[in-house]
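Worksheet: one structure, shown below.
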Amino acid sequence: MSEMADAIRALSAEKGIDEDSIRQTIERMITATYQKSFGKGYTNCIVTFSDDMTDVKIYSRKTVVDGVYDPVVEIELEEAKQLTPEAEIGDELDILLDPKKDFSRGAVSVGKQDAHKNLNENSRNKLLEEYKNKIGEIIIGYYQREYKGNIFVDLGKIEGVLPVKYQSPRETYEKNDRIKALIKDVKKGGSGIQLVLSRTDEDFVRSILELEVPEIADNTIVVKSISREAGYRTKIAVYSNKMDVDPVGACVGLKGVRITNVIRELEGEKIDVLRYDEDPHVFIKNALSPAEVKRVIIKDSEKREALAVVSEENFSIAIGKMGQNVRLANKLCDWLIDVKTENQLTDEDLVENDTRRAAEELFSTQETVEEITLISQLPGLDPAVVEAIKAAGFDEIESFIDAYDNGSLDLLEGVSKEQIENVNSVLNEYVEIEDEEPEVSEDEASEEEEYFCPECNTRITADMTKCPHCGVEISFEEE
């Protein structure tokens, strides 16, 4: 039976199943073969394995009797004494069997088939659990064959399939070509486990970028969102958790080395890496790159509708070929973006609906209207920006204006210059800033006021009693 021990070790290495599971499977197979040879109801088959798996033995446990009725489970006392001289009636003896002689050939064949089936099922279940935990990870294999456009990939101990819908239109493969892909799903079929692969998924780009940019792997840079039309263009929005790390520059790399490696893996697909911003005005403007956007107007924040204003020469760039650029920007920002030139704008377009609605509510006719004295009272502002201004001590309108004039607001952490300009424009729109007139004393007022004689119109002062020109008497009375 040493051949069986060798087979167990070989199966363990080939199938990736632990030896205990294989041993249990073989034990069940031998027991089933025993029952097929001697009868289904018999449970007196004993299987033992040596500790080093070099020996496997099969026994039939029989009871010593005086007069055998069932030879499968009973043994005559005289025969038992030949095996063990101390044997007595009622003892149980384990009688060593030889499968080649004692088992029927048909039972052995069926047992082998059952064992193979159980081992394959165990192997499939183990692989299924293993690769279910790897969904979303990158795997590398080699082109094996193609059937109806689907590419089958050799992944070693398992097979992968790259369906037509998950293939980039830029890519073609030949026999033994190396293929890097994302594990999209794991399927259990009649012939084994099959991995469904993808090279069109946004997460495929995310994983490739993470391999090239260590700052993403250590969470210094966060990939906020990705929109992609595989084979044509991908937009990636990135954000840095450290002020001194430029997220776009880190992803592009020195002389573009990092992003070039990603583009090479995607077979030349165009990639736009842009900065993510909490302010939708700024983020939408960035998302429409390479077009230069002059202004972003939020039409409805609840419906997430916005209008981007561009110059005539940037209009076609913002839209992109067959609408691709604005379509990718929509998906990247999760906003419905309309693009217009300055000549196409209407008066309605120029007013942000959210701001107007908030202003109407704020300034609607009421018995008492709260006077706006704080930045946090202004409508339509980004809460994160308002909180940053408040934390810096510039929430009061006057403090904000002073800080804006002297440039102190440029130093606010986490707030961009565009966001400060947006706050200032809303402030100017809804708060009337008046220069205070200096207080004037009574003496200064009297010095500034001029008096003239009622008779000859000569200039006189408040302390005179007669006109120095015509001599008429003068008196001044308080009103």
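Here, A, B, ... name the chains of the structure tokens in the order displayed, residue numbers run from 1 inside each chain, and ligands are numbered from 1 in the same displayed order.
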
Open item on the list: Show me, as a PyMOL selection string, the residues that have an atom within 8 Å of Val64 (chain A) when counting only C-alpha atoms, minus same-chain residues fewer than 6 positions from it.
Closed with: chain A and resi 74-77+80+87-93

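Here the question is which of A:Ile216, A:Ala462, A:Val339, A:Val273 gets nearest to Phe315 (chain A) using only C-alpha atoms, and that residue is A:Val339.
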
TODO: Taking the chain letters and numbering used in this document, name the residues of region 16-232 of chain A that DSSP puts in alpha helix (DSSP H), as a PyMOL selection string.
DONE: chain A and resi 19-38+77-83+99-102+105-132+202-212+214-217

Polymer residues at most 8 Å from region 229-240 of chain A, only C-alpha atoms, same-chain spacing of 3 or more positions, as a PDB file with all heavy atoms, in the first residue's frame:
```pdb
ATOM      1  N   SER A 168     -10.303  45.400 -24.442  1.00  0.00           N
ATOM      2  CA  SER A 168     -10.132  46.726 -25.030  1.00  0.00           C
ATOM      3  C   SER A 168     -10.046  46.604 -26.550  1.00  0.00           C
ATOM      4  O   SER A 168      -9.379  45.697 -27.065  1.00  0.00           O
ATOM      5  CB  SER A 168      -8.856  47.378 -24.492  1.00  0.00           C
ATOM      6  OG  SER A 168      -8.559  48.558 -25.225  1.00  0.00           O
ATOM      7  N   PRO A 169     -10.719  47.502 -27.277  1.00  0.00           N
ATOM      8  CA  PRO A 169     -10.662  47.427 -28.744  1.00  0.00           C
ATOM      9  C   PRO A 169      -9.267  47.674 -29.312  1.00  0.00           C
ATOM     10  O   PRO A 169      -9.009  47.373 -30.468  1.00  0.00           O
ATOM     11  CB  PRO A 169     -11.642  48.531 -29.177  1.00  0.00           C
ATOM     12  CG  PRO A 169     -11.774  49.438 -28.010  1.00  0.00           C
ATOM     13  CD  PRO A 169     -11.602  48.580 -26.809  1.00  0.00           C
ATOM     14  N   ARG A 170      -8.351  48.198 -28.488  1.00  0.00           N
ATOM     15  CA  ARG A 170      -6.985  48.452 -28.945  1.00  0.00           C
ATOM     16  C   ARG A 170      -6.132  47.186 -28.986  1.00  0.00           C
ATOM     17  O   ARG A 170      -5.091  47.168 -29.637  1.00  0.00           O
ATOM     18  CB  ARG A 170      -6.291  49.449 -28.001  1.00  0.00           C
ATOM     19  CG  ARG A 170      -6.691  50.889 -28.196  1.00  0.00           C
ATOM     20  CD  ARG A 170      -5.942  51.766 -27.218  1.00  0.00           C
ATOM     21  NE  ARG A 170      -6.207  53.169 -27.465  1.00  0.00           N
ATOM     22  CZ  ARG A 170      -5.485  53.950 -28.253  1.00  0.00           C
ATOM     23  NH1 ARG A 170      -4.441  53.443 -28.874  1.00  0.00           N
ATOM     24  NH2 ARG A 170      -5.799  55.217 -28.429  1.00  0.00           N
ATOM     25  N   THR A 200     -11.166  46.137 -19.083  1.00  0.00           N
ATOM     26  CA  THR A 200     -11.896  47.374 -19.376  1.00  0.00           C
ATOM     27  C   THR A 200     -12.405  48.053 -18.110  1.00  0.00           C
ATOM     28  O   THR A 200     -12.901  49.172 -18.168  1.00  0.00           O
ATOM     29  CB  THR A 200     -13.094  47.085 -20.295  1.00  0.00           C
ATOM     30  OG1 THR A 200     -13.984  46.161 -19.638  1.00  0.00           O
ATOM     31  CG2 THR A 200     -12.642  46.491 -21.618  1.00  0.00           C
ATOM     32  N   ASP A 201     -12.306  47.398 -16.977  1.00  0.00           N
ATOM     33  CA  ASP A 201     -12.858  47.915 -15.727  1.00  0.00           C
ATOM     34  C   ASP A 201     -12.053  49.111 -15.216  1.00  0.00           C
ATOM     35  O   ASP A 201     -10.838  49.169 -15.371  1.00  0.00           O
ATOM     36  CB  ASP A 201     -12.848  46.799 -14.673  1.00  0.00           C
ATOM     37  CG  ASP A 201     -13.852  47.043 -13.573  1.00  0.00           C
ATOM     38  OD1 ASP A 201     -13.537  47.851 -12.680  1.00  0.00           O
ATOM     39  OD2 ASP A 201     -14.923  46.432 -13.608  1.00  0.00           O
ATOM     40  N   THR A 220      -1.104  58.119   0.862  1.00  0.00           N
ATOM     41  CA  THR A 220      -0.783  59.543   0.821  1.00  0.00           C
ATOM     42  C   THR A 220      -1.644  60.229  -0.238  1.00  0.00           C
ATOM     43  O   THR A 220      -2.132  61.346  -0.052  1.00  0.00           O
ATOM     44  CB  THR A 220       0.719  59.750   0.488  1.00  0.00           C
ATOM     45  OG1 THR A 220       1.493  59.140   1.504  1.00  0.00           O
ATOM     46  CG2 THR A 220       1.058  61.232   0.414  1.00  0.00           C
ATOM     47  N   ILE A 221      -1.836  59.532  -1.351  1.00  0.00           N
ATOM     48  CA  ILE A 221      -2.702  60.019  -2.429  1.00  0.00           C
ATOM     49  C   ILE A 221      -3.891  59.076  -2.544  1.00  0.00           C
ATOM     50  O   ILE A 221      -3.736  57.858  -2.493  1.00  0.00           O
ATOM     51  CB  ILE A 221      -1.935  60.090  -3.754  1.00  0.00           C
ATOM     52  CG1 ILE A 221      -0.843  61.166  -3.671  1.00  0.00           C
ATOM     53  CG2 ILE A 221      -2.873  60.402  -4.920  1.00  0.00           C
ATOM     54  CD1 ILE A 221       0.054  61.210  -4.869  1.00  0.00           C
ATOM     55  N   VAL A 222      -5.077  59.662  -2.702  1.00  0.00           N
ATOM     56  CA  VAL A 222      -6.305  58.884  -2.809  1.00  0.00           C
ATOM     57  C   VAL A 222      -6.889  59.072  -4.210  1.00  0.00           C
ATOM     58  O   VAL A 222      -7.004  60.200  -4.692  1.00  0.00           O
ATOM     59  CB  VAL A 222      -7.344  59.341  -1.761  1.00  0.00           C
ATOM     60  CG1 VAL A 222      -8.638  58.560  -1.919  1.00  0.00           C
ATOM     61  CG2 VAL A 222      -6.790  59.181  -0.357  1.00  0.00           C
ATOM     62  N   VAL A 223      -7.214  57.964  -4.851  1.00  0.00           N
ATOM     63  CA  VAL A 223      -7.914  58.028  -6.139  1.00  0.00           C
ATOM     64  C   VAL A 223      -9.403  58.153  -5.835  1.00  0.00           C
ATOM     65  O   VAL A 223     -10.046  57.204  -5.405  1.00  0.00           O
ATOM     66  CB  VAL A 223      -7.640  56.776  -6.992  1.00  0.00           C
ATOM     67  CG1 VAL A 223      -8.405  56.852  -8.308  1.00  0.00           C
ATOM     68  CG2 VAL A 223      -6.148  56.625  -7.254  1.00  0.00           C
ATOM     69  N   LYS A 224      -9.943  59.364  -6.032  1.00  0.00           N
ATOM     70  CA  LYS A 224     -11.332  59.631  -5.657  1.00  0.00           C
ATOM     71  C   LYS A 224     -12.317  59.006  -6.628  1.00  0.00           C
ATOM     72  O   LYS A 224     -13.348  58.462  -6.223  1.00  0.00           O
ATOM     73  CB  LYS A 224     -11.567  61.145  -5.586  1.00  0.00           C
ATOM     74  CG  LYS A 224     -11.020  61.793  -4.323  1.00  0.00           C
ATOM     75  CD  LYS A 224     -11.841  61.389  -3.115  1.00  0.00           C
ATOM     76  CE  LYS A 224     -11.431  62.165  -1.871  1.00  0.00           C
ATOM     77  NZ  LYS A 224     -12.272  61.813  -0.712  1.00  0.00           N
ATOM     78  N   SER A 225     -12.050  59.108  -7.920  1.00  0.00           N
ATOM     79  CA  SER A 225     -12.967  58.524  -8.904  1.00  0.00           C
ATOM     80  C   SER A 225     -12.244  58.328 -10.230  1.00  0.00           C
ATOM     81  O   SER A 225     -11.252  58.992 -10.513  1.00  0.00           O
ATOM     82  CB  SER A 225     -14.208  59.408  -9.105  1.00  0.00           C
ATOM     83  OG  SER A 225     -13.843  60.704  -9.545  1.00  0.00           O
ATOM     84  N   ILE A 226     -12.774  57.386 -11.016  1.00  0.00           N
ATOM     85  CA  ILE A 226     -12.233  57.090 -12.342  1.00  0.00           C
ATOM     86  C   ILE A 226     -13.401  56.924 -13.308  1.00  0.00           C
ATOM     87  O   ILE A 226     -14.402  56.284 -12.975  1.00  0.00           O
ATOM     88  CB  ILE A 226     -11.390  55.802 -12.339  1.00  0.00           C
ATOM     89  CG1 ILE A 226     -10.172  55.942 -11.421  1.00  0.00           C
ATOM     90  CG2 ILE A 226     -10.942  55.434 -13.747  1.00  0.00           C
ATOM     91  CD1 ILE A 226      -9.332  54.679 -11.332  1.00  0.00           C
ATOM     92  N   MET A 243      -0.401  68.289   2.352  1.00  0.00           N
ATOM     93  CA  MET A 243      -0.379  69.539   1.601  1.00  0.00           C
ATOM     94  C   MET A 243       0.869  69.674   0.739  1.00  0.00           C
ATOM     95  O   MET A 243       0.852  70.331  -0.302  1.00  0.00           O
ATOM     96  CB  MET A 243      -0.472  70.723   2.561  1.00  0.00           C
ATOM     97  CG  MET A 243      -1.791  70.812   3.303  1.00  0.00           C
ATOM     98  SD  MET A 243      -3.203  71.062   2.194  1.00  0.00           S
ATOM     99  CE  MET A 243      -2.833  72.704   1.581  1.00  0.00           C
ATOM    100  N   VAL A 245       2.412  67.360  -0.916  1.00  0.00           N
ATOM    101  CA  VAL A 245       2.501  66.359  -1.985  1.00  0.00           C
ATOM    102  C   VAL A 245       1.501  66.714  -3.081  1.00  0.00           C
ATOM    103  O   VAL A 245       0.298  66.799  -2.832  1.00  0.00           O
ATOM    104  CB  VAL A 245       2.211  64.930  -1.459  1.00  0.00           C
ATOM    105  CG1 VAL A 245       2.237  63.926  -2.604  1.00  0.00           C
ATOM    106  CG2 VAL A 245       3.222  64.539  -0.390  1.00  0.00           C
ATOM    107  N   ASP A 246       2.008  66.942  -4.271  1.00  0.00           N
ATOM    108  CA  ASP A 246       1.155  67.245  -5.422  1.00  0.00           C
ATOM    109  C   ASP A 246       0.614  65.934  -5.975  1.00  0.00           C
ATOM    110  O   ASP A 246       1.382  65.113  -6.494  1.00  0.00           O
ATOM    111  CB  ASP A 246       1.974  67.980  -6.488  1.00  0.00           C
ATOM    112  CG  ASP A 246       1.172  68.199  -7.764  1.00  0.00           C
ATOM    113  OD1 ASP A 246      -0.063  68.163  -7.708  1.00  0.00           O
ATOM    114  OD2 ASP A 246       1.797  68.428  -8.830  1.00  0.00           O
ATOM    115  N   PRO A 247      -0.701  65.699  -5.876  1.00  0.00           N
ATOM    116  CA  PRO A 247      -1.245  64.399  -6.298  1.00  0.00           C
ATOM    117  C   PRO A 247      -1.090  64.138  -7.792  1.00  0.00           C
ATOM    118  O   PRO A 247      -0.797  63.017  -8.200  1.00  0.00           O
ATOM    119  CB  PRO A 247      -2.724  64.486  -5.897  1.00  0.00           C
ATOM    120  CG  PRO A 247      -3.029  65.945  -5.831  1.00  0.00           C
ATOM    121  CD  PRO A 247      -1.769  66.606  -5.377  1.00  0.00           C
ATOM    122  N   VAL A 248      -1.283  65.177  -8.602  1.00  0.00           N
ATOM    123  CA  VAL A 248      -1.169  64.997 -10.053  1.00  0.00           C
ATOM    124  C   VAL A 248       0.279  64.722 -10.434  1.00  0.00           C
ATOM    125  O   VAL A 248       0.581  63.799 -11.199  1.00  0.00           O
ATOM    126  CB  VAL A 248      -1.708  66.234 -10.798  1.00  0.00           C
ATOM    127  CG1 VAL A 248      -1.503  66.086 -12.304  1.00  0.00           C
ATOM    128  CG2 VAL A 248      -3.188  66.446 -10.496  1.00  0.00           C
ATOM    129  N   LEU A 266      -2.011  49.968 -21.082  1.00  0.00           N
ATOM    130  CA  LEU A 266      -3.329  50.122 -21.698  1.00  0.00           C
ATOM    131  C   LEU A 266      -3.233  50.282 -23.216  1.00  0.00           C
ATOM    132  O   LEU A 266      -4.189  50.743 -23.855  1.00  0.00           O
ATOM    133  CB  LEU A 266      -4.055  51.324 -21.089  1.00  0.00           C
ATOM    134  CG  LEU A 266      -4.303  51.266 -19.571  1.00  0.00           C
ATOM    135  CD1 LEU A 266      -5.047  52.494 -19.109  1.00  0.00           C
ATOM    136  CD2 LEU A 266      -5.047  50.001 -19.181  1.00  0.00           C
ATOM    137  N   GLU A 267      -2.087  49.934 -23.764  1.00  0.00           N
ATOM    138  CA  GLU A 267      -1.873  49.947 -25.212  1.00  0.00           C
ATOM    139  C   GLU A 267      -2.086  51.328 -25.829  1.00  0.00           C
ATOM    140  O   GLU A 267      -2.654  51.465 -26.917  1.00  0.00           O
ATOM    141  CB  GLU A 267      -2.806  48.920 -25.899  1.00  0.00           C
ATOM    142  CG  GLU A 267      -2.629  47.490 -25.427  1.00  0.00           C
ATOM    143  CD  GLU A 267      -1.300  46.895 -25.879  1.00  0.00           C
ATOM    144  OE1 GLU A 267      -0.706  47.427 -26.820  1.00  0.00           O
ATOM    145  OE2 GLU A 267      -0.862  45.909 -25.254  1.00  0.00           O
ATOM    146  N   GLY A 268      -1.642  52.385 -25.130  1.00  0.00           N
ATOM    147  CA  GLY A 268      -1.682  53.729 -25.710  1.00  0.00           C
ATOM    148  C   GLY A 268      -2.949  54.518 -25.441  1.00  0.00           C
ATOM    149  O   GLY A 268      -3.156  55.588 -26.023  1.00  0.00           O
ATOM    150  N   GLU A 269      -3.798  54.018 -24.567  1.00  0.00           N
ATOM    151  CA  GLU A 269      -5.039  54.743 -24.231  1.00  0.00           C
ATOM    152  C   GLU A 269      -4.710  56.090 -23.569  1.00  0.00           C
ATOM    153  O   GLU A 269      -3.806  56.179 -22.744  1.00  0.00           O
ATOM    154  CB  GLU A 269      -5.855  53.882 -23.271  1.00  0.00           C
ATOM    155  CG  GLU A 269      -7.221  54.429 -22.923  1.00  0.00           C
ATOM    156  CD  GLU A 269      -7.993  53.458 -22.049  1.00  0.00           C
ATOM    157  OE1 GLU A 269      -8.038  52.248 -22.402  1.00  0.00           O
ATOM    158  OE2 GLU A 269      -8.537  53.879 -21.028  1.00  0.00           O
ATOM    159  N   LYS A 270      -5.431  57.156 -23.945  1.00  0.00           N
ATOM    160  CA  LYS A 270      -5.177  58.483 -23.376  1.00  0.00           C
ATOM    161  C   LYS A 270      -5.649  58.539 -21.926  1.00  0.00           C
ATOM    162  O   LYS A 270      -6.709  58.007 -21.597  1.00  0.00           O
ATOM    163  CB  LYS A 270      -5.896  59.557 -24.197  1.00  0.00           C
ATOM    164  CG  LYS A 270      -5.341  59.724 -25.600  1.00  0.00           C
ATOM    165  CD  LYS A 270      -6.090  60.806 -26.359  1.00  0.00           C
ATOM    166  CE  LYS A 270      -5.537  60.967 -27.773  1.00  0.00           C
ATOM    167  NZ  LYS A 270      -6.290  61.983 -28.533  1.00  0.00           N
ATOM    168  N   ILE A 271      -4.863  59.199 -21.077  1.00  0.00           N
ATOM    169  CA  ILE A 271      -5.204  59.300 -19.651  1.00  0.00           C
ATOM    170  C   ILE A 271      -5.075  60.752 -19.198  1.00  0.00           C
ATOM    171  O   ILE A 271      -4.051  61.389 -19.430  1.00  0.00           O
ATOM    172  CB  ILE A 271      -4.292  58.405 -18.789  1.00  0.00           C
ATOM    173  CG1 ILE A 271      -4.466  56.936 -19.172  1.00  0.00           C
ATOM    174  CG2 ILE A 271      -4.591  58.596 -17.310  1.00  0.00           C
ATOM    175  CD1 ILE A 271      -3.579  55.981 -18.398  1.00  0.00           C
ATOM    176  N   ASP A 272      -6.120  61.273 -18.563  1.00  0.00           N
ATOM    177  CA  ASP A 272      -6.099  62.597 -17.948  1.00  0.00           C
ATOM    178  C   ASP A 272      -6.078  62.421 -16.432  1.00  0.00           C
ATOM    179  O   ASP A 272      -7.011  61.838 -15.856  1.00  0.00           O
ATOM    180  CB  ASP A 272      -7.349  63.418 -18.330  1.00  0.00           C
ATOM    181  CG  ASP A 272      -7.440  63.671 -19.823  1.00  0.00           C
ATOM    182  OD1 ASP A 272      -6.380  63.743 -20.462  1.00  0.00           O
ATOM    183  OD2 ASP A 272      -8.565  63.792 -20.355  1.00  0.00           O
ATOM    184  N   VAL A 273      -5.021  62.890 -15.791  1.00  0.00           N
ATOM    185  CA  VAL A 273      -4.947  62.873 -14.325  1.00  0.00           C
ATOM    186  C   VAL A 273      -5.220  64.290 -13.846  1.00  0.00           C
ATOM    187  O   VAL A 273      -4.539  65.232 -14.257  1.00  0.00           O
ATOM    188  CB  VAL A 273      -3.570  62.398 -13.824  1.00  0.00           C
ATOM    189  CG1 VAL A 273      -3.560  62.346 -12.296  1.00  0.00           C
ATOM    190  CG2 VAL A 273      -3.241  61.032 -14.398  1.00  0.00           C
ATOM    191  N   LEU A 274      -6.218  64.470 -13.000  1.00  0.00           N
ATOM    192  CA  LEU A 274      -6.612  65.809 -12.561  1.00  0.00           C
ATOM    193  C   LEU A 274      -6.840  65.829 -11.060  1.00  0.00           C
ATOM    194  O   LEU A 274      -7.022  64.794 -10.419  1.00  0.00           O
ATOM    195  CB  LEU A 274      -7.864  66.267 -13.311  1.00  0.00           C
ATOM    196  CG  LEU A 274      -9.074  65.314 -13.275  1.00  0.00           C
ATOM    197  CD1 LEU A 274     -10.053  65.746 -12.227  1.00  0.00           C
ATOM    198  CD2 LEU A 274      -9.733  65.241 -14.626  1.00  0.00           C
ATOM    199  N   ARG A 275      -6.856  67.033 -10.522  1.00  0.00           N
ATOM    200  CA  ARG A 275      -6.984  67.221  -9.077  1.00  0.00           C
ATOM    201  C   ARG A 275      -8.466  67.199  -8.659  1.00  0.00           C
ATOM    202  O   ARG A 275      -9.301  67.899  -9.239  1.00  0.00           O
ATOM    203  CB  ARG A 275      -6.355  68.543  -8.666  1.00  0.00           C
ATOM    204  CG  ARG A 275      -6.251  68.751  -7.141  1.00  0.00           C
ATOM    205  CD  ARG A 275      -5.740  70.149  -6.865  1.00  0.00           C
ATOM    206  NE  ARG A 275      -4.390  70.335  -7.371  1.00  0.00           N
ATOM    207  CZ  ARG A 275      -3.299  70.124  -6.653  1.00  0.00           C
ATOM    208  NH1 ARG A 275      -3.390  69.717  -5.403  1.00  0.00           N
ATOM    209  NH2 ARG A 275      -2.111  70.329  -7.184  1.00  0.00           N
ATOM    210  N   TYR A 276      -8.764  66.408  -7.635  1.00  0.00           N
ATOM    211  CA  TYR A 276     -10.113  66.384  -7.069  1.00  0.00           C
ATOM    212  C   TYR A 276     -10.304  67.581  -6.136  1.00  0.00           C
ATOM    213  O   TYR A 276      -9.362  68.014  -5.467  1.00  0.00           O
ATOM    214  CB  TYR A 276     -10.341  65.095  -6.290  1.00  0.00           C
ATOM    215  CG  TYR A 276     -11.610  65.078  -5.480  1.00  0.00           C
ATOM    216  CD1 TYR A 276     -12.830  64.781  -6.065  1.00  0.00           C
ATOM    217  CD2 TYR A 276     -11.581  65.389  -4.109  1.00  0.00           C
ATOM    218  CE1 TYR A 276     -13.996  64.780  -5.320  1.00  0.00           C
ATOM    219  CE2 TYR A 276     -12.741  65.399  -3.372  1.00  0.00           C
ATOM    220  CZ  TYR A 276     -13.949  65.091  -3.977  1.00  0.00           C
ATOM    221  OH  TYR A 276     -15.097  65.109  -3.242  1.00  0.00           O
ATOM    222  N   ASP A 277     -11.521  68.142  -6.099  1.00  0.00           N
ATOM    223  CA  ASP A 277     -11.816  69.255  -5.199  1.00  0.00           C
ATOM    224  C   ASP A 277     -13.228  69.099  -4.657  1.00  0.00           C
ATOM    225  O   ASP A 277     -14.146  68.695  -5.378  1.00  0.00           O
ATOM    226  CB  ASP A 277     -11.695  70.595  -5.943  1.00  0.00           C
ATOM    227  CG  ASP A 277     -11.499  71.764  -4.986  1.00  0.00           C
ATOM    228  OD1 ASP A 277     -12.451  72.068  -4.242  1.00  0.00           O
ATOM    229  OD2 ASP A 277     -10.399  72.355  -4.974  1.00  0.00           O
ATOM    230  N   ALA A 287     -12.388  68.634 -14.321  1.00  0.00           N
ATOM    231  CA  ALA A 287     -12.799  67.410 -15.018  1.00  0.00           C
ATOM    232  C   ALA A 287     -12.915  67.599 -16.519  1.00  0.00           C
ATOM    233  O   ALA A 287     -12.783  66.637 -17.279  1.00  0.00           O
ATOM    234  CB  ALA A 287     -14.126  66.909 -14.447  1.00  0.00           C
ATOM    235  N   LEU A 328     -17.301  61.721 -20.093  1.00  0.00           N
ATOM    236  CA  LEU A 328     -16.409  61.200 -19.057  1.00  0.00           C
ATOM    237  C   LEU A 328     -16.385  62.117 -17.838  1.00  0.00           C
ATOM    238  O   LEU A 328     -16.307  61.654 -16.698  1.00  0.00           O
ATOM    239  CB  LEU A 328     -14.995  61.040 -19.611  1.00  0.00           C
ATOM    240  CG  LEU A 328     -14.784  59.871 -20.586  1.00  0.00           C
ATOM    241  CD1 LEU A 328     -13.408  59.946 -21.221  1.00  0.00           C
ATOM    242  CD2 LEU A 328     -14.973  58.536 -19.891  1.00  0.00           C
ATOM    243  N   ALA A 329     -16.456  63.447 -18.079  1.00  0.00           N
ATOM    244  CA  ALA A 329     -16.490  64.399 -16.961  1.00  0.00           C
ATOM    245  C   ALA A 329     -17.764  64.220 -16.142  1.00  0.00           C
ATOM    246  O   ALA A 329     -17.741  64.298 -14.905  1.00  0.00           O
ATOM    247  CB  ALA A 329     -16.396  65.827 -17.487  1.00  0.00           C
ATOM    248  N   LEU A 332     -17.224  61.144 -14.046  1.00  0.00           N
ATOM    249  CA  LEU A 332     -16.180  61.356 -13.047  1.00  0.00           C
ATOM    250  C   LEU A 332     -16.703  62.158 -11.863  1.00  0.00           C
ATOM    251  O   LEU A 332     -16.436  61.836 -10.702  1.00  0.00           O
ATOM    252  CB  LEU A 332     -14.989  62.077 -13.680  1.00  0.00           C
ATOM    253  CG  LEU A 332     -13.746  62.217 -12.813  1.00  0.00           C
ATOM    254  CD1 LEU A 332     -13.015  60.886 -12.722  1.00  0.00           C
ATOM    255  CD2 LEU A 332     -12.817  63.284 -13.367  1.00  0.00           C
TER     256      LEU A 332
END
```

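For the choices A:Phe204, A:Asp382, A:Val293, A:Val186, the atom-to-atom distance to Glu130 (chain A) is smallest for A:Val186 when using only C-alpha atoms.
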
Task: Contact residues around Ser60 (chain A) with only C-alpha atoms at 8 Å, ignoring same-chain residues under 3 positions, as a list in words - done: Asn44, Cys45, Ile46, Val72, Val73, Asp94, Ile95, Leu96 and Leu97 of chain A

All heavy atoms of the current selection, written as a compact mmCIF listing (two decimals), in the first residue's frame:
```txt
# COMPACT_ATOMS: atom_id res chain seq x y z
N ASN A 44 -17.77 -2.84 9.49
CA ASN A 44 -16.62 -3.35 10.25
C ASN A 44 -15.29 -3.20 9.51
O ASN A 44 -14.33 -3.89 9.82
CB ASN A 44 -16.84 -4.83 10.63
CG ASN A 44 -16.97 -5.72 9.40
OD1 ASN A 44 -17.52 -5.29 8.39
ND2 ASN A 44 -16.48 -6.95 9.50
N CYS A 45 -15.25 -2.28 8.51
CA CYS A 45 -14.00 -2.02 7.79
C CYS A 45 -13.19 -0.98 8.56
O CYS A 45 -13.68 0.08 8.92
CB CYS A 45 -14.31 -1.52 6.38
SG CYS A 45 -12.82 -1.13 5.42
N ILE A 46 -11.93 -1.29 8.83
CA ILE A 46 -11.03 -0.40 9.56
C ILE A 46 -9.86 -0.03 8.66
O ILE A 46 -9.18 -0.94 8.13
CB ILE A 46 -10.51 -1.07 10.85
CG1 ILE A 46 -11.67 -1.60 11.71
CG2 ILE A 46 -9.64 -0.08 11.64
CD1 ILE A 46 -12.64 -0.54 12.17
N VAL A 72 -18.55 -12.58 7.36
CA VAL A 72 -18.05 -11.21 7.14
C VAL A 72 -17.71 -10.56 8.46
O VAL A 72 -16.74 -9.80 8.58
CB VAL A 72 -19.07 -10.37 6.36
CG1 VAL A 72 -18.58 -8.92 6.21
CG2 VAL A 72 -19.35 -10.98 5.00
N VAL A 73 -18.49 -10.86 9.49
CA VAL A 73 -18.29 -10.19 10.78
C VAL A 73 -17.91 -11.18 11.88
O VAL A 73 -17.68 -10.76 13.02
CB VAL A 73 -19.56 -9.41 11.19
CG1 VAL A 73 -19.82 -8.25 10.25
CG2 VAL A 73 -20.77 -10.34 11.28
N ASP A 94 -8.92 -7.80 14.39
CA ASP A 94 -8.82 -7.06 13.13
C ASP A 94 -8.03 -7.92 12.16
O ASP A 94 -6.82 -8.15 12.34
CB ASP A 94 -8.12 -5.71 13.33
CG ASP A 94 -9.01 -4.74 14.11
OD1 ASP A 94 -10.23 -4.98 14.15
OD2 ASP A 94 -8.49 -3.74 14.66
N ILE A 95 -8.70 -8.40 11.13
CA ILE A 95 -8.09 -9.31 10.16
C ILE A 95 -7.60 -8.48 8.97
O ILE A 95 -8.38 -7.75 8.33
CB ILE A 95 -9.11 -10.35 9.67
CG1 ILE A 95 -9.85 -11.00 10.86
CG2 ILE A 95 -8.42 -11.38 8.80
CD1 ILE A 95 -8.94 -11.72 11.83
N LEU A 96 -6.30 -8.54 8.68
CA LEU A 96 -5.70 -7.78 7.58
C LEU A 96 -6.22 -8.31 6.25
O LEU A 96 -6.24 -9.52 6.01
CB LEU A 96 -4.18 -7.89 7.63
CG LEU A 96 -3.41 -7.09 6.58
CD1 LEU A 96 -3.63 -5.59 6.77
CD2 LEU A 96 -1.91 -7.42 6.66
N LEU A 97 -6.62 -7.35 5.37
CA LEU A 97 -7.14 -7.71 4.05
C LEU A 97 -6.16 -7.31 2.96
O LEU A 97 -5.37 -6.36 3.11
CB LEU A 97 -8.48 -7.01 3.80
CG LEU A 97 -9.62 -7.32 4.77
CD1 LEU A 97 -10.87 -6.53 4.37
CD2 LEU A 97 -9.94 -8.82 4.78
```

TODO: Please report, as a PyMOL selection string, each residue of region 106-222 of chain A to which DSSP assigns strand (DSSP E) when run on this structure's backbone.
DONE: chain A and resi 138-147+150-154+159-162+178-189+192-198+221-222

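CA of Asp279 (chain A) is positioned 22.0 Å from CA of Val431 (chain A).
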